[in-house]
file work.csv (CSV, C-alpha atoms)
chain,number,residue,atom,x,y,z
A,20,VAL,CA,0.0,0.0,0.0
A,21,ILE,CA,1.4,3.4,-1.1
A,22,LEU,CA,-0.2,6.1,1.0
A,23,VAL,CA,-0.5,9.5,-0.7
A,24,ASP,CA,-1.4,12.7,1.2
A,25,LEU,CA,-3.0,14.5,-1.8
A,26,VAL,CA,-4.8,17.0,0.5
A,27,LYS,CA,-1.6,18.5,1.8
A,28,THR,CA,0.0,18.3,-1.7
A,29,LEU,CA,-2.8,20.2,-3.4
A,30,ASN,CA,-2.7,22.9,-0.7
A,31,GLU,CA,1.0,23.4,-1.4
A,32,GLY,CA,0.7,23.8,-5.1
A,33,GLU,CA,2.0,22.6,-8.4
A,34,ALA,CA,5.7,22.3,-7.5
A,35,VAL,CA,5.0,20.1,-4.5
A,36,PHE,CA,2.5,18.1,-6.5
A,37,GLU,CA,5.1,17.4,-9.1
A,38,ASP,CA,7.7,16.6,-6.4
A,39,MET,CA,5.3,14.0,-5.0
A,40,HIS,CA,4.8,12.5,-8.5
A,41,LEU,CA,8.6,12.2,-8.9
A,42,ALA,CA,9.0,10.7,-5.4
A,43,LEU,CA,6.3,8.0,-6.2
A,44,LYS,CA,8.2,7.2,-9.4
A,45,SER,CA,11.5,6.8,-7.5
A,46,ILE,CA,9.9,4.7,-4.8
A,47,LEU,CA,8.2,2.3,-7.2
A,48,LYS,CA,11.3,1.8,-9.2
A,49,THR,CA,13.0,0.1,-6.2
A,50,PHE,CA,10.6,-2.8,-6.0
A,51,THR,CA,10.9,-6.1,-7.8
A,52,TYR,CA,7.6,-6.9,-9.6
A,53,GLY,CA,6.2,-10.3,-10.6
A,54,SER,CA,4.2,-13.2,-9.4
A,55,ASN,CA,5.3,-15.3,-6.5
A,56,ASN,CA,5.6,-19.1,-6.4
A,57,ILE,CA,6.6,-21.4,-3.6
A,58,PHE,CA,10.3,-20.7,-4.0
A,59,SER,CA,10.1,-17.0,-4.5
A,60,LYS,CA,8.2,-16.6,-1.3
A,61,PHE,CA,11.4,-17.8,0.5
A,62,PHE,CA,14.2,-16.4,-1.6
A,63,ASP,CA,13.1,-13.7,-3.9
A,64,LEU,CA,9.8,-12.1,-2.8
A,65,LYS,CA,8.2,-10.0,-5.6
A,66,ILE,CA,5.5,-7.4,-5.5
A,67,ASP,CA,2.4,-8.8,-7.1
A,68,GLN,CA,-0.1,-6.2,-5.9
A,69,VAL,CA,0.2,-2.4,-5.4
A,70,ILE,CA,-2.6,-0.3,-3.9
A,71,PHE,CA,-2.3,3.5,-4.2
A,72,ALA,CA,-4.4,5.1,-1.5
A,73,ALA,CA,-5.1,8.8,-1.1
A,74,THR,CA,-5.6,9.6,2.6
A,75,LYS,CA,-7.8,12.2,4.3
A,76,ALA,CA,-10.9,11.6,2.2
A,77,ASP,CA,-12.8,13.0,5.2
A,78,HIS,CA,-11.3,16.4,4.5
A,79,ILE,CA,-13.0,16.6,1.1
A,80,PRO,CA,-16.8,16.7,0.6
A,81,ALA,CA,-18.3,13.4,-0.5
A,82,SER,CA,-19.3,15.0,-3.8
A,83,ALA,CA,-15.6,15.5,-4.7
A,84,HIS,CA,-14.5,12.0,-3.8
A,85,GLU,CA,-14.6,10.8,-7.5
A,86,SER,CA,-12.5,13.8,-8.6
A,87,TYR,CA,-10.1,13.1,-5.7
A,88,MET,CA,-9.6,9.5,-6.8
A,89,GLN,CA,-9.3,10.6,-10.5
A,90,LEU,CA,-6.4,13.0,-9.5
A,91,LEU,CA,-4.5,10.0,-8.0
A,92,LYS,CA,-5.2,7.8,-11.0
A,93,GLU,CA,-3.8,10.5,-13.3
A,94,MET,CA,-0.8,11.0,-11.1
A,95,ILE,CA,0.2,7.3,-11.3
A,96,TRP,CA,-0.9,6.6,-14.8
A,97,ASP,CA,2.4,7.4,-16.4
A,98,ILE,CA,4.3,5.7,-13.6
A,99,LYS,CA,2.4,2.4,-14.3
A,100,LYS,CA,3.1,2.8,-18.0
A,101,GLU,CA,6.8,3.6,-17.4
A,102,LEU,CA,7.4,0.7,-15.0
A,103,ASP,CA,5.4,-1.7,-17.2
A,104,VAL,CA,3.4,-3.2,-14.4
A,105,LYS,CA,0.5,-4.3,-16.5
A,106,HIS,CA,0.8,-7.8,-15.1
A,107,ILE,CA,0.7,-6.5,-11.5
A,108,ASP,CA,-2.7,-6.1,-9.7
A,109,THR,CA,-2.8,-2.3,-9.2
A,110,GLU,CA,-5.7,-0.4,-7.6
A,111,VAL,CA,-6.4,3.2,-6.8
A,112,THR,CA,-8.6,4.2,-3.9
A,113,ILE,CA,-9.2,7.0,-1.4
A,114,PHE,CA,-9.9,6.4,2.3
A,115,SER,CA,-10.0,7.8,5.8
A,116,ALA,CA,-9.3,5.3,8.6
A,117,VAL,CA,-11.2,7.6,11.0
A,118,LYS,CA,-13.7,10.1,9.8
A,119,SER,CA,-13.1,13.3,11.7
A,120,THR,CA,-15.5,15.5,9.8
A,121,GLN,CA,-19.1,15.7,8.7
A,122,PHE,CA,-20.2,16.5,5.2
A,123,VAL,CA,-22.5,19.5,5.1
A,124,LYS,CA,-23.9,22.1,2.8
A,125,ALA,CA,-23.4,25.9,3.3
A,126,MET,CA,-24.1,29.1,1.5
A,127,LEU,CA,-21.1,30.8,-0.1
A,128,ASN,CA,-21.7,34.0,-2.0
A,129,GLY,CA,-25.4,33.1,-2.5
A,130,VAL,CA,-24.6,29.6,-3.8
A,131,GLU,CA,-25.1,26.3,-1.9
A,132,VAL,CA,-21.7,24.4,-1.8
A,133,ASP,CA,-20.6,21.1,-0.3
A,134,CYS,CA,-18.4,21.6,2.8
A,135,VAL,CA,-16.8,19.7,5.6
A,136,ARG,CA,-17.4,20.4,9.3
A,137,GLY,CA,-15.0,19.5,12.0
A,138,ILE,CA,-12.6,20.8,14.7
A,139,VAL,CA,-9.6,22.4,13.0
A,140,GLU,CA,-6.2,22.0,14.7
A,141,ASP,CA,-5.6,24.7,17.3
A,142,GLU,CA,-9.3,25.3,17.7
A,143,GLU,CA,-11.8,24.1,20.3
A,144,GLU,CA,-15.2,24.3,18.5
A,145,PRO,CA,-16.3,22.7,15.2
A,146,SER,CA,-16.5,25.0,12.2
A,147,THR,CA,-17.6,24.6,8.5
A,148,HIS,CA,-15.1,24.9,5.7
A,149,PHE,CA,-15.3,25.0,1.9
A,150,PRO,CA,-12.1,23.5,0.6
A,151,GLY,CA,-12.6,24.6,-3.0
A,152,TYR,CA,-13.5,22.7,-6.1
A,153,LEU,CA,-11.5,19.7,-7.4
A,154,PRO,CA,-11.4,19.5,-11.2
A,155,ASN,CA,-11.8,16.1,-12.9
A,156,ASP,CA,-8.2,16.1,-14.1
A,157,TYR,CA,-5.0,17.9,-13.3
A,158,ILE,CA,-3.5,17.4,-16.7
A,159,ASP,CA,-5.7,20.2,-17.9
A,160,PRO,CA,-3.4,23.3,-18.3
A,161,SER,CA,-5.8,25.5,-16.4
A,162,PHE,CA,-5.8,23.2,-13.3
A,163,TRP,CA,-3.0,25.0,-11.4
A,164,LYS,CA,-3.8,28.4,-12.8
A,165,ASN,CA,-7.3,28.3,-11.4
A,166,ALA,CA,-6.5,26.2,-8.3
A,167,ASP,CA,-7.8,27.7,-5.1
A,168,PHE,CA,-7.7,25.1,-2.4
A,169,ASN,CA,-8.0,25.6,1.3
A,170,PHE,CA,-8.0,22.2,2.9
A,171,GLN,CA,-7.9,22.4,6.7
A,172,THR,CA,-6.2,20.0,9.1
A,173,PHE,CA,-8.8,18.6,11.4
A,174,LYS,CA,-8.3,17.1,14.8
A,175,PRO,CA,-9.1,13.4,15.1
A,176,ILE,CA,-12.3,12.6,16.8
A,177,SER,CA,-12.5,11.2,20.4
A,178,PHE,CA,-12.9,7.5,20.3
A,179,PRO,CA,-16.1,6.1,21.9
A,180,PRO,CA,-15.6,4.9,25.5
A,181,ARG,CA,-16.8,1.3,24.6
A,182,ASP,CA,-15.4,-1.1,22.0
A,183,SER,CA,-19.0,-1.9,20.9
A,184,ASN,CA,-19.4,1.6,19.3
A,185,ALA,CA,-17.9,1.7,15.9
A,186,VAL,CA,-15.8,4.7,14.6
A,187,GLU,CA,-16.9,6.0,11.3
A,188,HIS,CA,-14.5,5.6,8.4
A,189,ILE,CA,-14.5,6.1,4.6
A,190,ARG,CA,-13.7,3.1,2.5
A,191,MET,CA,-11.4,1.5,5.1
A,192,ASP,CA,-13.3,-1.8,4.7
A,193,ARG,CA,-12.6,-1.8,1.0
A,194,LEU,CA,-8.9,-1.1,1.5
A,195,ILE,CA,-8.7,-4.0,4.0
A,196,TYR,CA,-10.6,-6.3,1.6
A,197,SER,CA,-8.2,-5.4,-1.3
A,198,LEU,CA,-5.3,-6.2,0.9
A,199,LEU,CA,-6.6,-9.6,2.1
A,200,LYS,CA,-8.8,-10.8,-0.8
A,201,ASP,CA,-6.3,-13.3,-2.1
A,202,ARG,CA,-4.8,-14.2,1.2
A,203,VAL,CA,-7.9,-15.6,3.0
call {"tool": "encode", "arguments": {"input": "work.csv", "output": "structure tokens"}}
result
Amino acid sequence: VILVDLVKTLNEGEAVFEDMHLALKSILKTFTYGSNNIFSKFFDLKIDQVIFAATKADHIPASAHESYMQLLKEMIWDIKKELDVKHIDTEVTIFSAVKSTQFVKAMLNGVEVDCVRGIVEDEEEPSTHFPGYLPNDYIDPSFWKNADFNFQTFKPISFPPRDSNAVEHIRMDRLIYSLLKDRV
């Protein structure tokens, strides 16, 4: 699993986004890809599955989740092509292990927009934030020119006092399934 903090990267701008893209390329070039058999499991373990997972899906309104996932797909598309990993099971997903926000609607300049509500770091009370619009692709030349993101860093929620109360998440169950599907 390759975890990618796209929220922070988008906030920082095009140069940091491209740095992350290059870093992912460098990291992925260090692995040995292929299928495993009984002998390779002991002597020469190969990577036969890679999951790229964008974190902090709870910092983005649910209506933008598809665009968020599409950005990650575009970021790794050329990496997959360059590394020739067509024979490797690759997956792209977004998730949040613990959902620390709520998805709400709010009025902004007379227009209803999708927002997130949570407790921002260094604050004590919940507040509502509009993080900006995510386009469907970052390859579009106007993407960075028109980019106006303002993703907040939210405090994690307090865990329930009893184990019987589940903590909300976003797609964590799918991520775990993807990791274990061939192993169980």
call {"tool": "closest_residue", "arguments": {"input": "work.csv", "among": "A:Lys164, A:Lys174, A:His78, A:Arg193", "to": "His148 (chain A)", "atoms": "all atoms listed in the file"}}
result
A:His78
call {"tool": "atom_distance", "arguments": {"input": "work.csv", "atom1": "CA of Ile70 (chain A)", "atom2": "CA of Glu85 (chain A)"}}
result
16.7 Å
call {"tool": "atom_distance", "arguments": {"input": "work.csv", "atom1": "CA of Phe71 (chain A)", "atom2": "CA of Pro150 (chain A)"}}
result
22.8 Å
call {"tool": "closest_residue", "arguments": {"input": "work.csv", "among": "A:Met39, A:Ile66, A:Tyr157, A:Ser115", "to": "Lys27 (chain A)", "atoms": "all atoms listed in the file"}}
result
A:Met39
call {"tool": "residues_near_point", "arguments": {"input": "work.csv", "point": "(-5.1, 22.4, -2.9)", "cutoff": "12 Å", "atoms": "all atoms listed in the file", "output": "ChimeraX atom specification"}}
result
/A:24-36,78-79,87,90,149-154,157,162-171
call {"tool": "atom_distance", "arguments": {"input": "work.csv", "atom1": "CA of Phe178 (chain A)", "atom2": "CA of Lys124 (chain A)"}}
result
25.3 Å
call {"tool": "residues_near_point", "arguments": {"input": "work.csv", "point": "(-11.2, 25.1, 12.7)", "cutoff": "9 Å", "atoms": "only C-alpha atoms", "output": "mmCIF file with C-alpha atoms, in the coordinates of the input"}}
result
data_model
loop_
_atom_site.group_PDB
_atom_site.id
_atom_site.type_symbol
_atom_site.label_atom_id
_atom_site.label_comp_id
_atom_site.auth_asym_id
_atom_site.auth_seq_id
_atom_site.Cartn_x
_atom_site.Cartn_y
_atom_site.Cartn_z
ATOM 1 C CA ARG A 136 -17.400 20.400 9.300
ATOM 2 C CA GLY A 137 -15.000 19.500 12.000
ATOM 3 C CA ILE A 138 -12.600 20.800 14.700
ATOM 4 C CA VAL A 139 -9.600 22.400 13.000
ATOM 5 C CA GLU A 140 -6.200 22.000 14.700
ATOM 6 C CA ASP A 141 -5.600 24.700 17.300
ATOM 7 C CA GLU A 142 -9.300 25.300 17.700
ATOM 8 C CA GLU A 143 -11.800 24.100 20.300
ATOM 9 C CA GLU A 144 -15.200 24.300 18.500
ATOM 10 C CA PRO A 145 -16.300 22.700 15.200
ATOM 11 C CA SER A 146 -16.500 25.000 12.200
ATOM 12 C CA THR A 147 -17.600 24.600 8.500
ATOM 13 C CA HIS A 148 -15.100 24.900 5.700
ATOM 14 C CA GLN A 171 -7.900 22.400 6.700
ATOM 15 C CA THR A 172 -6.200 20.000 9.100
ATOM 16 C CA PHE A 173 -8.800 18.600 11.400
ATOM 17 C CA LYS A 174 -8.300 17.100 14.800
#
call {"tool": "closest_residue", "arguments": {"input": "work.csv", "among": "A:Ala116, A:Ile195, A:Ala81, A:Ile46", "to": "Ile95 (chain A)", "atoms": "all atoms listed in the file"}}
result
A:Ile46
call {"tool": "residues_around", "arguments": {"input": "work.csv", "residues": "Asn155 (chain A)", "least_positions_apart": "5", "cutoff": "12 Å", "atoms": "all atoms listed in the file", "output": "list in words"}}
result
Ser82, Ala83, His84, Glu85, Ser86, Tyr87, Met88, Gln89, Leu90, Leu91, Lys92, Glu93, Ser161 and Phe162 of chain A
call {"tool": "residues_around", "arguments": {"input": "work.csv", "residues": "Val186 (chain A)", "least_positions_apart": "6", "cutoff": "12 Å", "atoms": "all atoms listed in the file", "output": "count of residues only"}}
result
12
call {"tool": "residues_around", "arguments": {"input": "work.csv", "residues": "Val69 (chain A)", "least_positions_apart": "6", "cutoff": "9 Å", "atoms": "all atoms listed in the file", "output": "list in words"}}
result
Val20, Ile21, Ile107, Asp108, Thr109, Glu110 and Val111 of chain A
call {"tool": "write_last_selection", "arguments": {"input": "work.csv", "atoms": "C-alpha atoms", "output": "PDB file, in the frame of the given file"}}
result
ATOM      1  CA  VAL A  20       0.000   0.000   0.000  1.00  0.00           C
ATOM      2  CA  ILE A  21       1.400   3.400  -1.100  1.00  0.00           C
ATOM      3  CA  ILE A 107       0.700  -6.500 -11.500  1.00  0.00           C
ATOM      4  CA  ASP A 108      -2.700  -6.100  -9.700  1.00  0.00           C
ATOM      5  CA  THR A 109      -2.800  -2.300  -9.200  1.00  0.00           C
ATOM      6  CA  GLU A 110      -5.700  -0.400  -7.600  1.00  0.00           C
ATOM      7  CA  VAL A 111      -6.400   3.200  -6.800  1.00  0.00           C
TER       8      VAL A 111
END
call {"tool": "closest_residue", "arguments": {"input": "work.csv", "among": "A:Leu43, A:Ala76, A:Leu127, A:Cys134", "to": "Asp97 (chain A)", "atoms": "all atoms listed in the file"}}
result
A:Leu43
call {"tool": "closest_residue", "arguments": {"input": "work.csv", "among": "A:Leu194, A:Leu199, A:Ala125, A:Ala42", "to": "Ala73 (chain A)", "atoms": "all atoms listed in the file"}}
result
A:Leu194
call {"tool": "decode", "arguments": {"input": "work.csv", "residues": "region 106-149 of chain A", "atoms": "N, CA and C atoms", "output": "mmCIF file, in the first residue's frame"}}
result
data_model
loop_
_atom_site.group_PDB
_atom_site.id
_atom_site.type_symbol
_atom_site.label_atom_id
_atom_site.label_comp_id
_atom_site.auth_asym_id
_atom_site.auth_seq_id
_atom_site.Cartn_x
_atom_site.Cartn_y
_atom_site.Cartn_z
ATOM 1 N N HIS A 106 1.062 -6.466 -15.645
ATOM 2 C CA HIS A 106 0.815 -7.801 -15.117
ATOM 3 C C HIS A 106 0.633 -7.812 -13.593
ATOM 4 N N ILE A 107 0.811 -6.673 -12.970
ATOM 5 C CA ILE A 107 0.659 -6.544 -11.516
ATOM 6 C C ILE A 107 -0.727 -5.998 -11.213
ATOM 7 N N ASP A 108 -1.352 -6.541 -10.181
ATOM 8 C CA ASP A 108 -2.662 -6.064 -9.748
ATOM 9 C C ASP A 108 -2.480 -4.689 -9.100
ATOM 10 N N THR A 109 -2.933 -3.631 -9.770
ATOM 11 C CA THR A 109 -2.835 -2.289 -9.199
ATOM 12 C C THR A 109 -4.237 -1.744 -8.979
ATOM 13 N N GLU A 110 -4.356 -0.999 -7.920
ATOM 14 C CA GLU A 110 -5.652 -0.421 -7.562
ATOM 15 C C GLU A 110 -5.421 0.989 -7.043
ATOM 16 N N VAL A 111 -6.388 1.851 -7.286
ATOM 17 C CA VAL A 111 -6.352 3.215 -6.777
ATOM 18 C C VAL A 111 -7.601 3.429 -5.944
ATOM 19 N N THR A 112 -7.419 3.965 -4.756
ATOM 20 C CA THR A 112 -8.565 4.214 -3.895
ATOM 21 C C THR A 112 -8.316 5.446 -3.038
ATOM 22 N N ILE A 113 -9.352 5.883 -2.379
ATOM 23 C CA ILE A 113 -9.231 6.953 -1.380
ATOM 24 C C ILE A 113 -9.840 6.401 -0.091
ATOM 25 N N PHE A 114 -9.377 6.921 1.033
ATOM 26 C CA PHE A 114 -9.936 6.421 2.289
ATOM 27 C C PHE A 114 -9.630 7.376 3.430
ATOM 28 N N SER A 115 -10.292 7.122 4.525
ATOM 29 C CA SER A 115 -9.988 7.769 5.793
ATOM 30 C C SER A 115 -10.226 6.711 6.863
ATOM 31 N N ALA A 116 -9.183 6.361 7.597
ATOM 32 C CA ALA A 116 -9.308 5.318 8.613
ATOM 33 C C ALA A 116 -10.274 5.726 9.712
ATOM 34 N N VAL A 117 -10.277 7.013 10.036
ATOM 35 C CA VAL A 117 -11.197 7.562 11.027
ATOM 36 C C VAL A 117 -11.770 8.849 10.451
ATOM 37 N N LYS A 118 -13.073 8.901 10.333
ATOM 38 C CA LYS A 118 -13.729 10.086 9.769
ATOM 39 C C LYS A 118 -13.848 11.151 10.860
ATOM 40 N N SER A 119 -13.094 12.240 10.685
ATOM 41 C CA SER A 119 -13.072 13.291 11.710
ATOM 42 C C SER A 119 -13.930 14.503 11.340
ATOM 43 N N THR A 120 -14.670 14.416 10.250
ATOM 44 C CA THR A 120 -15.524 15.525 9.811
ATOM 45 C C THR A 120 -16.906 15.006 9.444
ATOM 46 N N GLN A 121 -17.790 15.955 9.230
ATOM 47 C CA GLN A 121 -19.115 15.666 8.695
ATOM 48 C C GLN A 121 -19.246 16.406 7.375
ATOM 49 N N PHE A 122 -19.977 15.828 6.445
ATOM 50 C CA PHE A 122 -20.219 16.497 5.172
ATOM 51 C C PHE A 122 -21.502 17.304 5.295
ATOM 52 N N VAL A 123 -21.385 18.584 5.001
ATOM 53 C CA VAL A 123 -22.530 19.496 5.136
ATOM 54 C C VAL A 123 -22.616 20.398 3.911
ATOM 55 N N LYS A 124 -23.713 21.108 3.807
ATOM 56 C CA LYS A 124 -23.877 22.119 2.766
ATOM 57 C C LYS A 124 -23.918 23.475 3.462
ATOM 58 N N ALA A 125 -23.416 24.497 2.765
ATOM 59 C CA ALA A 125 -23.424 25.859 3.307
ATOM 60 C C ALA A 125 -23.569 26.834 2.145
ATOM 61 N N MET A 126 -23.965 28.040 2.469
ATOM 62 C CA MET A 126 -24.105 29.082 1.457
ATOM 63 C C MET A 126 -22.789 29.845 1.345
ATOM 64 N N LEU A 127 -22.329 30.037 0.121
ATOM 65 C CA LEU A 127 -21.119 30.804 -0.147
ATOM 66 C C LEU A 127 -21.425 31.741 -1.316
ATOM 67 N N ASN A 128 -21.416 33.025 -1.030
ATOM 68 C CA ASN A 128 -21.744 34.032 -2.049
ATOM 69 C C ASN A 128 -23.079 33.744 -2.730
ATOM 70 N N GLY A 129 -24.073 33.329 -1.932
ATOM 71 C CA GLY A 129 -25.408 33.081 -2.451
ATOM 72 C C GLY A 129 -25.584 31.745 -3.151
ATOM 73 N N VAL A 130 -24.540 30.893 -3.131
ATOM 74 C CA VAL A 130 -24.605 29.583 -3.783
ATOM 75 C C VAL A 130 -24.398 28.497 -2.736
ATOM 76 N N GLU A 131 -25.226 27.458 -2.805
ATOM 77 C CA GLU A 131 -25.060 26.345 -1.878
ATOM 78 C C GLU A 131 -23.889 25.476 -2.348
ATOM 79 N N VAL A 132 -22.930 25.231 -1.460
ATOM 80 C CA VAL A 132 -21.745 24.435 -1.790
ATOM 81 C C VAL A 132 -21.574 23.311 -0.773
ATOM 82 N N ASP A 133 -20.879 22.263 -1.200
ATOM 83 C CA ASP A 133 -20.570 21.147 -0.311
ATOM 84 C C ASP A 133 -19.344 21.501 0.519
ATOM 85 N N CYS A 134 -19.452 21.264 1.819
ATOM 86 C CA CYS A 134 -18.389 21.638 2.762
ATOM 87 C C CYS A 134 -18.103 20.483 3.716
ATOM 88 N N VAL A 135 -17.089 20.670 4.543
ATOM 89 C CA VAL A 135 -16.785 19.737 5.625
ATOM 90 C C VAL A 135 -16.843 20.501 6.938
ATOM 91 N N ARG A 136 -17.299 19.799 7.978
ATOM 92 C CA ARG A 136 -17.413 20.411 9.299
ATOM 93 C C ARG A 136 -16.652 19.544 10.291
ATOM 94 N N GLY A 137 -15.769 20.183 11.039
ATOM 95 C CA GLY A 137 -14.986 19.474 12.037
ATOM 96 C C GLY A 137 -14.219 20.477 12.880
ATOM 97 N N ILE A 138 -13.420 19.960 13.777
ATOM 98 C CA ILE A 138 -12.622 20.830 14.651
ATOM 99 C C ILE A 138 -11.224 20.952 14.043
ATOM 100 N N VAL A 139 -10.895 22.153 13.620
ATOM 101 C CA VAL A 139 -9.597 22.429 13.014
ATOM 102 C C VAL A 139 -8.538 22.419 14.118
ATOM 103 N N GLU A 140 -7.334 21.949 13.771
ATOM 104 C CA GLU A 140 -6.234 21.972 14.741
ATOM 105 C C GLU A 140 -6.084 23.360 15.329
ATOM 106 N N ASP A 141 -5.730 23.440 16.603
ATOM 107 C CA ASP A 141 -5.554 24.688 17.347
ATOM 108 C C ASP A 141 -6.864 25.421 17.602
ATOM 109 N N GLU A 142 -8.000 24.772 17.379
ATOM 110 C CA GLU A 142 -9.304 25.343 17.723
ATOM 111 C C GLU A 142 -10.028 24.379 18.635
ATOM 112 N N GLU A 143 -11.061 24.881 19.293
ATOM 113 C CA GLU A 143 -11.795 24.053 20.252
ATOM 114 C C GLU A 143 -13.199 23.683 19.792
ATOM 115 N N GLU A 144 -13.771 24.494 18.907
ATOM 116 C CA GLU A 144 -15.150 24.278 18.466
ATOM 117 C C GLU A 144 -15.190 23.882 16.996
ATOM 118 N N PRO A 145 -16.184 23.083 16.608
ATOM 119 C CA PRO A 145 -16.316 22.723 15.195
ATOM 120 C C PRO A 145 -16.644 23.945 14.329
ATOM 121 N N SER A 146 -16.171 23.928 13.118
ATOM 122 C CA SER A 146 -16.476 24.986 12.160
ATOM 123 C C SER A 146 -16.634 24.355 10.774
ATOM 124 N N THR A 147 -17.292 25.079 9.887
ATOM 125 C CA THR A 147 -17.575 24.594 8.540
ATOM 126 C C THR A 147 -16.619 25.248 7.558
ATOM 127 N N HIS A 148 -16.094 24.430 6.633
ATOM 128 C CA HIS A 148 -15.093 24.930 5.681
ATOM 129 C C HIS A 148 -15.400 24.450 4.272
ATOM 130 N N PHE A 149 -15.233 25.363 3.318
ATOM 131 C CA PHE A 149 -15.337 25.046 1.901
ATOM 132 C C PHE A 149 -13.914 24.908 1.374
#
